[in-house]
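Asks: Below you'll find the structure I mean.
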Amino acid sequence: MSGARIVTVDGPAGSGKSTLGRALARHLGLPIIDTGLFYRGIMVAADRAGISPRDTAALGRLAEATVIAIPTDPWSDDDTVLVDGTPAGPALRDPRNAPLLAAISSSAAVRAAVLEPQRALAVHGAVAVGRDCGTVVFPDATAKFYLDAPEAVRQQRRLAQLRARGAHADDDTLRAEVGGRDRSDTARAVSPLRPAPGAYIIDTVAMDRTAMIDHALAICARAGLTAPDAL
């Protein structure tokens, strides 16, 4: 994938990854790849099949056999994820599935199974959003970003996101989903959450949305990534 126009945006939940990623994709005329949706899709498949989070071998086999299709148009409001051709539905973001999602995200077999499908979406370039995009999925990306913010701020943002998407759970459950996922992803042995070498680290509390986007676009421009009509 050498030479592809690829930007990665990594960070924990509620750090602003989706906001920045979508804005960059729109400006640069690129698809957006939310790599986390692959793991959530496998989670839905596992939930449907009744597979326990402790059955790591079964989760790996399931990941190899399951076809996940995610939306990549940054201008579209359609956020439907298909799991073997069937819409994932509300289970995709149900905080009560957090233990299953953590087990899936920590599985080396699952991560290996979704790696090539993730990369296949960026053959002609993309803005990839997730937790290991700059370190593992696209280590040769042209521009890399890592977003962060204090945990309390990120939790409130994530709570608002989940509520807006119709998540039905109490605040304590939602906060546990956010904090637990971050701790699990940071501590896991396979593809842990961390800034990629050479990534630009952005504190999304230190600057507002417009300033963050303008800052990231300026970095992209210096790396040779500009809007299609500016090429």
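All residue names refer to the structure tokens as shown: chains lettered A, B, ... in order, residues numbered from 1 in each chain, ligands numbered from 1 in order.
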Can you list, as a list in words, every protein, DNA or RNA residue that comes within 6 Å of range 69-74 of chain A when you count only C-alpha atoms, leaving out same-chain residues fewer than 3 positions away?
Replies: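 In the requested form, the answer reads Arg22, Arg26, Pro31, Ile32, Ile33, Val81 and Leu82 of chain A.
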Asks: Quick one: residues within 12 Å of Asp229 in chain A, only C-alpha atoms, excluding same-chain residues fewer than 2 positions away - as a list in words?
Replies: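 The filter keeps His27, Leu28, Gly29, Leu225, Thr226, Ala227 and Leu231 of chain A.
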Asks: With distances taken over only C-alpha atoms, which of A:Ala91, A:Leu115, A:Ser15, A:Ala223 is nearest to Ala206 in chain A?
Replies: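 When distances to Ala206 in chain A are compared using only C-alpha atoms, the smallest one comes from A:Ser15.
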Asks: Got a sec to tell me which of range 18-222 of chain A DSSP assigns to strand (DSSP E), as a ChimeraX atom specification?
Replies: /A:32-34,68-69,82-83,86-87,126-130,143-148,200-203
Asks: Restrict the selected residues to N, CA and C atoms and save them as a PDB file, in the first residue's frame.
Replies:
```
ATOM      1  N   ILE A  32     -13.691   7.025   4.870  1.00  0.00           N
ATOM      2  CA  ILE A  32     -13.333   6.915   6.278  1.00  0.00           C
ATOM      3  C   ILE A  32     -13.526   5.469   6.711  1.00  0.00           C
ATOM      4  N   ILE A  33     -12.546   4.947   7.440  1.00  0.00           N
ATOM      5  CA  ILE A  33     -12.598   3.567   7.917  1.00  0.00           C
ATOM      6  C   ILE A  33     -12.563   3.585   9.438  1.00  0.00           C
ATOM      7  N   ASP A  34     -13.683   3.246  10.045  1.00  0.00           N
ATOM      8  CA  ASP A  34     -13.727   3.101  11.505  1.00  0.00           C
ATOM      9  C   ASP A  34     -13.375   1.652  11.815  1.00  0.00           C
ATOM     10  N   ILE A  68     -17.833  -8.734   7.578  1.00  0.00           N
ATOM     11  CA  ILE A  68     -18.282  -7.447   8.122  1.00  0.00           C
ATOM     12  C   ILE A  68     -18.207  -6.390   7.027  1.00  0.00           C
ATOM     13  N   ALA A  69     -19.289  -5.671   6.822  1.00  0.00           N
ATOM     14  CA  ALA A  69     -19.315  -4.565   5.855  1.00  0.00           C
ATOM     15  C   ALA A  69     -19.646  -3.284   6.605  1.00  0.00           C
ATOM     16  N   LEU A  82     -23.140  -4.198   8.474  1.00  0.00           N
ATOM     17  CA  LEU A  82     -23.711  -5.497   8.126  1.00  0.00           C
ATOM     18  C   LEU A  82     -22.830  -6.623   8.652  1.00  0.00           C
ATOM     19  N   VAL A  83     -23.453  -7.565   9.291  1.00  0.00           N
ATOM     20  CA  VAL A  83     -22.768  -8.755   9.808  1.00  0.00           C
ATOM     21  C   VAL A  83     -23.308  -9.951   9.046  1.00  0.00           C
ATOM     22  N   THR A  86     -26.518  -9.022   7.361  1.00  0.00           N
ATOM     23  CA  THR A  86     -27.647  -8.601   8.191  1.00  0.00           C
ATOM     24  C   THR A  86     -27.260  -7.396   9.039  1.00  0.00           C
ATOM     25  N   PRO A  87     -28.100  -6.344   9.090  1.00  0.00           N
ATOM     26  CA  PRO A  87     -27.774  -5.177   9.913  1.00  0.00           C
ATOM     27  C   PRO A  87     -27.495  -5.568  11.366  1.00  0.00           C
ATOM     28  N   ALA A 126      -7.323   6.485   2.426  1.00  0.00           N
ATOM     29  CA  ALA A 126      -8.407   6.550   3.401  1.00  0.00           C
ATOM     30  C   ALA A 126      -7.954   7.324   4.632  1.00  0.00           C
ATOM     31  N   VAL A 127      -8.924   7.725   5.422  1.00  0.00           N
ATOM     32  CA  VAL A 127      -8.669   8.195   6.781  1.00  0.00           C
ATOM     33  C   VAL A 127      -9.149   7.079   7.692  1.00  0.00           C
ATOM     34  N   ALA A 128      -8.235   6.477   8.435  1.00  0.00           N
ATOM     35  CA  ALA A 128      -8.558   5.340   9.291  1.00  0.00           C
ATOM     36  C   ALA A 128      -8.595   5.784  10.745  1.00  0.00           C
ATOM     37  N   VAL A 129      -9.689   5.437  11.418  1.00  0.00           N
ATOM     38  CA  VAL A 129      -9.912   5.836  12.801  1.00  0.00           C
ATOM     39  C   VAL A 129      -9.971   4.593  13.685  1.00  0.00           C
ATOM     40  N   GLY A 130      -9.279   4.623  14.822  1.00  0.00           N
ATOM     41  CA  GLY A 130      -9.332   3.471  15.706  1.00  0.00           C
ATOM     42  C   GLY A 130      -8.379   3.584  16.864  1.00  0.00           C
ATOM     43  N   ALA A 143       0.275  10.543   7.278  1.00  0.00           N
ATOM     44  CA  ALA A 143       0.131  11.406   8.453  1.00  0.00           C
ATOM     45  C   ALA A 143      -0.583  10.629   9.551  1.00  0.00           C
ATOM     46  N   LYS A 144      -0.074  10.774  10.784  1.00  0.00           N
ATOM     47  CA  LYS A 144      -0.651  10.045  11.911  1.00  0.00           C
ATOM     48  C   LYS A 144      -0.991  11.015  13.041  1.00  0.00           C
ATOM     49  N   PHE A 145      -2.150  10.765  13.658  1.00  0.00           N
ATOM     50  CA  PHE A 145      -2.575  11.584  14.788  1.00  0.00           C
ATOM     51  C   PHE A 145      -2.974  10.682  15.955  1.00  0.00           C
ATOM     52  N   TYR A 146      -2.763  11.194  17.157  1.00  0.00           N
ATOM     53  CA  TYR A 146      -3.227  10.508  18.365  1.00  0.00           C
ATOM     54  C   TYR A 146      -3.939  11.545  19.210  1.00  0.00           C
ATOM     55  N   LEU A 147      -5.209  11.316  19.476  1.00  0.00           N
ATOM     56  CA  LEU A 147      -6.018  12.264  20.231  1.00  0.00           C
ATOM     57  C   LEU A 147      -6.209  11.787  21.660  1.00  0.00           C
ATOM     58  N   ASP A 148      -6.261  12.744  22.584  1.00  0.00           N
ATOM     59  CA  ASP A 148      -6.472  12.383  23.978  1.00  0.00           C
ATOM     60  C   ASP A 148      -7.155  13.532  24.710  1.00  0.00           C
ATOM     61  N   TYR A 200       1.295  12.855  15.598  1.00  0.00           N
ATOM     62  CA  TYR A 200       1.063  14.162  16.202  1.00  0.00           C
ATOM     63  C   TYR A 200       0.019  13.991  17.297  1.00  0.00           C
ATOM     64  N   ILE A 201       0.381  14.325  18.518  1.00  0.00           N
ATOM     65  CA  ILE A 201      -0.525  14.161  19.652  1.00  0.00           C
ATOM     66  C   ILE A 201      -1.308  15.450  19.865  1.00  0.00           C
ATOM     67  N   ILE A 202      -2.628  15.303  19.916  1.00  0.00           N
ATOM     68  CA  ILE A 202      -3.508  16.463  20.067  1.00  0.00           C
ATOM     69  C   ILE A 202      -4.343  16.311  21.334  1.00  0.00           C
ATOM     70  N   ASP A 203      -4.260  17.290  22.219  1.00  0.00           N
ATOM     71  CA  ASP A 203      -5.121  17.361  23.398  1.00  0.00           C
ATOM     72  C   ASP A 203      -6.405  18.053  22.959  1.00  0.00           C
TER      73      ASP A 203
END
```
Asks: If we count only C-alpha atoms and set the cut-off at 10 Å, which residues sit around Val114 in chain A, ignoring sequence neighbours fewer than 5 positions away in its own chain? Please answer as a ChimeraX atom specification.
Replies: /A:35,38-39,42,63-64,66-68,109,119,137
Asks: Please compute the CA of Ala113 in chain A-CA of Asp10 in chain A distance, one decimal, in Å.
Replies: 20.1 Å
